[in-house]
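Student: Below is a structure I'd like to ask you about.
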Amino acid sequence: MSLFSVSSAFSLLPFLLLSSVLASSFTQLEEDQIQRFQKYLQIRTAHPNPDYASAVAFLSSEAQSIGLQTLTLEFARGKSLLLLSWPGSDPSLSSILLNSHIDSVPAEPSKWLHPPFAAVRDAAGRIFARGAQDDKCLAVQYLEALRNLKAASFVPRRSIHVSLVPDEETGGADGAAKFATSQEFRALNVGFVLDEGQASPTDEFRVFYADRSPWSLIVKAVGEPGHGSRMYDNGAMENLMDCVEVVARFRESQFDQVKAGIKAVSEVISVNPVFVKAGTPSPTGFVMNMQPSEAEVGFDVRLPPTVDPDLLRKRIDEEWAPAIRNMTYQLIEKGPIKDIAGRPLATPANESNPWWSVFQQAVIASGGKLARPEILASTTDARFVRQMGIPALGFSPMANTPILLHEHNEFLKDTVFLRGIKVYEHVISALSSFPANSP
Ligand SMILES: [Zn+2]
């Protein structure tokens, strides 16, 4: 007899129960892992008031349930950094470090399909939450991969550390920057670092071997004020417009290489105007018959590690904001641009780097495909460890996933999240087993 031939509500109950079981093809462990991910996403770690205390309490208790050592550090008041450790069998070898930032950018709930801190999982398995991709998935995936490895009685040769850091989304100054130069970090003897990458819309995982360095450039032009009707040389606005024109031409020369397919966006210097401040205010807006004596323009500049920063500094000095045209400028270089040995902040993503080979083979062994290694167009905490001369790759195993970091309706599919755990099991076990005669 078919279930469908029974029409009473009471008799339908077993069918409904059966269908809810059938709807999930996940094991109990996998369902638990998804739930732990949702729990972490529900902790409000978005700026401007990230709840680091609750996040650290949650992650510590998960780590302890797995049997990892935990240590809470605080390099700035109220901004906890959680360090987890699984000691390796050979303490003379350098260790591996898995990094993930706890904080995330804010969200505008009214523009989301589901509340951004509810971690709603829809019928298609999409888990909606701020931080789902960037990058709270990583912390839970690292932990769950370690849980699975512990359960499988895996013994790491190299020590495995996980750093869960604050403050990445505001520049990392009170998080990874201070951690990477600390005594506690030195004591870890880190040989290789994995940090966040980005989702990939194709079935290939993306991997990043460098970040672009962000600079803020503010150019100020001054000049004699004058009547709005007068034509004269060297006015503040005229000088500022010259600057904007020169910068626009440079921007075009870079952008053209991208449009022609010669370079990726992250391989050129990007320069974008972000504000212009000029004019003499009046109660109704601006004084219209007067040329102002001061004008300012701000640019967001991003440099790939392949360019010489000194050449750009020279260009700014001589062409973009020449003193001879009554211009001054302020250049704020956010974070390092070279490592302690004076090398560009890029990790070799080829056979010359044994860590790369181990990483690449492990991803393939997990059934994954890797896209051509890229420079990240934006910035991550990885630059602070690269600055210490330590190789670091940016990697978030999210294939077939739209790139939604910092966007409305950020989500990660449950299947993609779970597959990431498997990928990390392969990657972590391979890296931590890396032979003794290597660095
Ligand atoms: Zn991030």
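Following the order of the structure tokens, chains are lettered A, B, ..., residues in each are numbered from 1, and ligands are numbered from 1.
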Could you list, as a VMD selection string, all protein and nucleic acid residues with an atom at most 10 Å from ligand 1, counting only C-alpha atoms and all ligand atoms?
Tutor: chain A and resid 100 to 105 131 133 to 136 138 168 to 169 195 to 198 378 to 381 396 405 to 406
Student: Determine, counting only C-alpha atoms, which protein, DNA and RNA residues have an atom within 6 Å of an atom of segment 79-89 of chain A; residues of the same chain fewer than 2 positions away are not included. Present the result as number ranges by chain.
Tutor: A: 68-74, 76-77, 156-166
Student: Which residue, A:Ser282, A:Ala129, A:Val56, A:Lys369, has the smallest gap to Trp112 of chain A when you use only C-alpha atoms?
Tutor: A:Ala129
Student: When DSSP works through the backbone of this structure, what residues of segment 170-389 of chain A end up as alpha helix (DSSP H), shown as JSON, numbers by chain?
Tutor: {"A": [176, 177, 178, 179, 180, 183, 184, 185, 186, 187, 188, 236, 237, 238, 239, 240, 241, 242, 243, 244, 245, 246, 247, 248, 249, 250, 251, 252, 253, 254, 255, 256, 257, 258, 259, 309, 310, 311, 312, 313, 314, 315, 354, 355, 356, 357, 358, 359, 360, 361, 362, 363, 364, 365, 382, 383, 384, 385, 386, 387]}
Student: I'd like the contact shell of His426 of chain A - 8 Å cut-off, only C-alpha atoms, skipping same-chain residues fewer than 4 positions apart - returned as a compact mmCIF listing (two decimals) with C-alpha atoms, in the first residue's frame.
Tutor:
# COMPACT_ATOMS: atom_id res chain seq x y z
CA ALA A 362 47.06 18.10 -0.97
CA VAL A 363 44.31 20.14 -2.66
CA ALA A 365 44.42 14.78 -3.44
CA SER A 366 41.24 16.10 -1.83
CA LYS A 422 37.54 17.75 3.85
CA ALA A 430 49.99 17.07 4.47
Student: Considering only C-alpha atoms, return as a list in words whatever protein or nucleic-acid residues lie within 12 Å of Ile403 of chain A, sequence-local ones (same chain, fewer than 5 positions apart) excluded.
Tutor: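 After dropping sequence-adjacent residues, the list is Ala132, Gln133, Asp134, Gly197, Gln198, Ala199, Ser200, Pro201, Thr202, Arg206, Ser396, Met398, His408, Asn409, Glu410, Phe411 and Leu412 of chain A.
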Student: Restricted to N, CA and C atoms, what would the selected residues look like written as a PDB file, in the first residue's frame?
Tutor:
ATOM      1  N   ALA A 132      29.724  34.832   6.594  1.00  0.00           N
ATOM      2  CA  ALA A 132      29.615  33.439   6.117  1.00  0.00           C
ATOM      3  C   ALA A 132      30.783  33.091   5.189  1.00  0.00           C
ATOM      4  N   GLN A 133      31.184  34.066   4.347  1.00  0.00           N
ATOM      5  CA  GLN A 133      32.326  33.849   3.446  1.00  0.00           C
ATOM      6  C   GLN A 133      33.589  34.533   3.971  1.00  0.00           C
ATOM      7  N   ASP A 134      33.413  35.651   4.617  1.00  0.00           N
ATOM      8  CA  ASP A 134      34.536  36.515   4.992  1.00  0.00           C
ATOM      9  C   ASP A 134      34.503  36.789   6.482  1.00  0.00           C
ATOM     10  N   GLY A 197      41.231  33.520   1.563  1.00  0.00           N
ATOM     11  CA  GLY A 197      41.259  33.851   0.143  1.00  0.00           C
ATOM     12  C   GLY A 197      39.903  34.418  -0.242  1.00  0.00           C
ATOM     13  N   GLN A 198      39.359  33.934  -1.347  1.00  0.00           N
ATOM     14  CA  GLN A 198      38.050  34.413  -1.793  1.00  0.00           C
ATOM     15  C   GLN A 198      37.298  33.302  -2.488  1.00  0.00           C
ATOM     16  N   ALA A 199      35.973  33.438  -2.524  1.00  0.00           N
ATOM     17  CA  ALA A 199      35.146  32.447  -3.194  1.00  0.00           C
ATOM     18  C   ALA A 199      35.470  32.418  -4.688  1.00  0.00           C
ATOM     19  N   SER A 200      35.127  31.287  -5.321  1.00  0.00           N
ATOM     20  CA  SER A 200      35.365  31.131  -6.749  1.00  0.00           C
ATOM     21  C   SER A 200      34.064  30.744  -7.443  1.00  0.00           C
ATOM     22  N   PRO A 201      33.641  31.502  -8.435  1.00  0.00           N
ATOM     23  CA  PRO A 201      32.395  31.162  -9.142  1.00  0.00           C
ATOM     24  C   PRO A 201      32.544  29.905 -10.015  1.00  0.00           C
ATOM     25  N   THR A 202      33.764  29.456 -10.269  1.00  0.00           N
ATOM     26  CA  THR A 202      33.958  28.254 -11.081  1.00  0.00           C
ATOM     27  C   THR A 202      34.240  27.057 -10.163  1.00  0.00           C
ATOM     28  N   ARG A 206      40.436  29.248  -5.729  1.00  0.00           N
ATOM     29  CA  ARG A 206      41.405  30.316  -5.982  1.00  0.00           C
ATOM     30  C   ARG A 206      42.450  30.315  -4.865  1.00  0.00           C
ATOM     31  N   SER A 396      40.528  30.200   0.569  1.00  0.00           N
ATOM     32  CA  SER A 396      39.231  29.869   1.179  1.00  0.00           C
ATOM     33  C   SER A 396      38.581  28.862   0.241  1.00  0.00           C
ATOM     34  N   MET A 398      36.107  27.631  -1.403  1.00  0.00           N
ATOM     35  CA  MET A 398      34.692  27.845  -1.729  1.00  0.00           C
ATOM     36  C   MET A 398      34.558  27.884  -3.253  1.00  0.00           C
ATOM     37  N   HIS A 408      25.453  42.528   0.409  1.00  0.00           N
ATOM     38  CA  HIS A 408      24.199  42.106   1.029  1.00  0.00           C
ATOM     39  C   HIS A 408      24.025  40.612   0.738  1.00  0.00           C
ATOM     40  N   ASN A 409      23.290  39.930   1.605  1.00  0.00           N
ATOM     41  CA  ASN A 409      22.946  38.516   1.385  1.00  0.00           C
ATOM     42  C   ASN A 409      24.161  37.607   1.193  1.00  0.00           C
ATOM     43  N   GLU A 410      25.204  37.892   1.952  1.00  0.00           N
ATOM     44  CA  GLU A 410      26.379  37.008   1.960  1.00  0.00           C
ATOM     45  C   GLU A 410      25.914  35.625   2.428  1.00  0.00           C
ATOM     46  N   PHE A 411      26.291  34.605   1.677  1.00  0.00           N
ATOM     47  CA  PHE A 411      25.918  33.254   2.103  1.00  0.00           C
ATOM     48  C   PHE A 411      26.987  32.251   1.706  1.00  0.00           C
ATOM     49  N   LEU A 412      26.916  31.085   2.324  1.00  0.00           N
ATOM     50  CA  LEU A 412      27.749  29.957   1.928  1.00  0.00           C
ATOM     51  C   LEU A 412      26.859  28.722   1.963  1.00  0.00           C
TER      52      LEU A 412
END
Student: Between atom CA of Cys243 of chain A and atom CA of Glu319 of chain A, what is the distance, to one decimal in Å?
Tutor: 7.8 Å
Student: Quick one: residues within 8 Å of Pro106 of chain A, only C-alpha atoms, excluding same-chain residues fewer than 3 positions away - as number ranges by chain?
Tutor: A: 46-48, 130
Student: Sorted by chain and rising residue number, which residues of segment 187-241 of chain A lie within 7 Å of segment 335-359 of chain A, and what are their closest atom pairs and distances in Å to one decimal, counting only C-alpha atoms, as CSV?
Tutor:
residue,atom,partner,partner_atom,distance
A:Tyr209,CA,A:Thr347,CA,5.1
A:Ala210,CA,A:Ala346,CA,4.7
A:Ser213,CA,A:Ile337,CA,6.4
Student: Could you give me the residues within segment 5-195 of chain A that DSSP places in strand (DSSP E), as a PyMOL selection string?
Tutor: chain A and resi 69-76+79-86+95-101+120-121+126-128+160-165+190-195
Student: Need the shell around Val416 of chain A: protein/DNA/RNA residues with any atom at most 9 Å away, counting only C-alpha atoms. Skip same-chain ones fewer than 4 positions apart. Format as a compact mmCIF listing (two decimals) with all heavy atoms, in the first residue's frame?
Tutor:
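Result went into selection_29.txt, see below:
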# COMPACT_ATOMS: atom_id res chain seq x y z
N PRO A 397 38.47 27.59 0.65
CA PRO A 397 37.98 26.57 -0.28
C PRO A 397 36.48 26.68 -0.54
O PRO A 397 35.69 25.93 0.00
CB PRO A 397 38.35 25.26 0.42
CG PRO A 397 38.46 25.60 1.87
CD PRO A 397 38.84 27.04 1.96
N MET A 398 36.11 27.63 -1.40
CA MET A 398 34.69 27.84 -1.73
C MET A 398 34.56 27.88 -3.25
O MET A 398 34.63 28.95 -3.86
CB MET A 398 34.20 29.18 -1.15
CG MET A 398 34.37 29.30 0.36
SD MET A 398 33.70 30.83 1.07
CE MET A 398 34.90 32.04 0.56
N ALA A 399 34.38 26.73 -3.88
CA ALA A 399 34.21 26.68 -5.34
C ALA A 399 32.72 26.81 -5.68
O ALA A 399 31.86 26.62 -4.80
CB ALA A 399 34.78 25.38 -5.89
N ASN A 400 32.44 27.12 -6.92
CA ASN A 400 31.05 27.25 -7.40
C ASN A 400 30.20 28.15 -6.49
O ASN A 400 29.06 27.84 -6.19
CB ASN A 400 30.40 25.87 -7.52
CG ASN A 400 31.17 24.97 -8.47
OD1 ASN A 400 31.47 25.38 -9.60
ND2 ASN A 400 31.54 23.78 -8.03
N THR A 401 30.81 29.22 -6.06
CA THR A 401 30.16 30.11 -5.09
C THR A 401 30.33 31.55 -5.55
O THR A 401 31.45 31.97 -5.86
CB THR A 401 30.83 29.94 -3.70
OG1 THR A 401 30.66 28.57 -3.28
CG2 THR A 401 30.24 30.85 -2.66
N LEU A 412 26.92 31.08 2.32
CA LEU A 412 27.75 29.96 1.93
C LEU A 412 26.86 28.72 1.96
O LEU A 412 26.08 28.54 2.90
CB LEU A 412 28.94 29.79 2.90
CG LEU A 412 29.99 28.76 2.47
CD1 LEU A 412 30.66 29.16 1.16
CD2 LEU A 412 31.06 28.59 3.55
N GLY A 420 34.79 22.04 2.27
CA GLY A 420 35.97 22.78 2.73
C GLY A 420 36.65 22.07 3.90
O GLY A 420 37.88 22.06 4.01
N ILE A 421 35.85 21.49 4.77
CA ILE A 421 36.43 20.77 5.92
C ILE A 421 37.29 19.61 5.41
O ILE A 421 38.42 19.40 5.88
CB ILE A 421 35.31 20.23 6.85
CG1 ILE A 421 34.52 21.41 7.45
CG2 ILE A 421 35.88 19.34 7.95
CD1 ILE A 421 33.28 21.01 8.22
Student: Which one is closest to Leu188 of chain A: A:Leu311, A:Leu41, A:Ala124, A:Leu97? Count only C-alpha atoms.
Tutor: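 When distances to Leu188 of chain A are compared using only C-alpha atoms, the smallest one comes from A:Leu97.
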Student: Go through A:Leu393, A:Leu431, A:Val140, A:Ala323 one by one, measure the shortest atom-to-atom distance of each to Ser94 of chain A using only C-alpha atoms, and give the residue with the smallest value.
Tutor: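 Once distances to Ser94 of chain A are computed over only C-alpha atoms, the minimum belongs to A:Leu431.
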Student: Please measure the separation of atom CA of Gln64 of chain A and atom CA of Val190 of chain A, giving the value in Å to one decimal.
Tutor: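 Result for atom CA of Gln64 of chain A versus atom CA of Val190 of chain A: 22.1 Å, one decimal.
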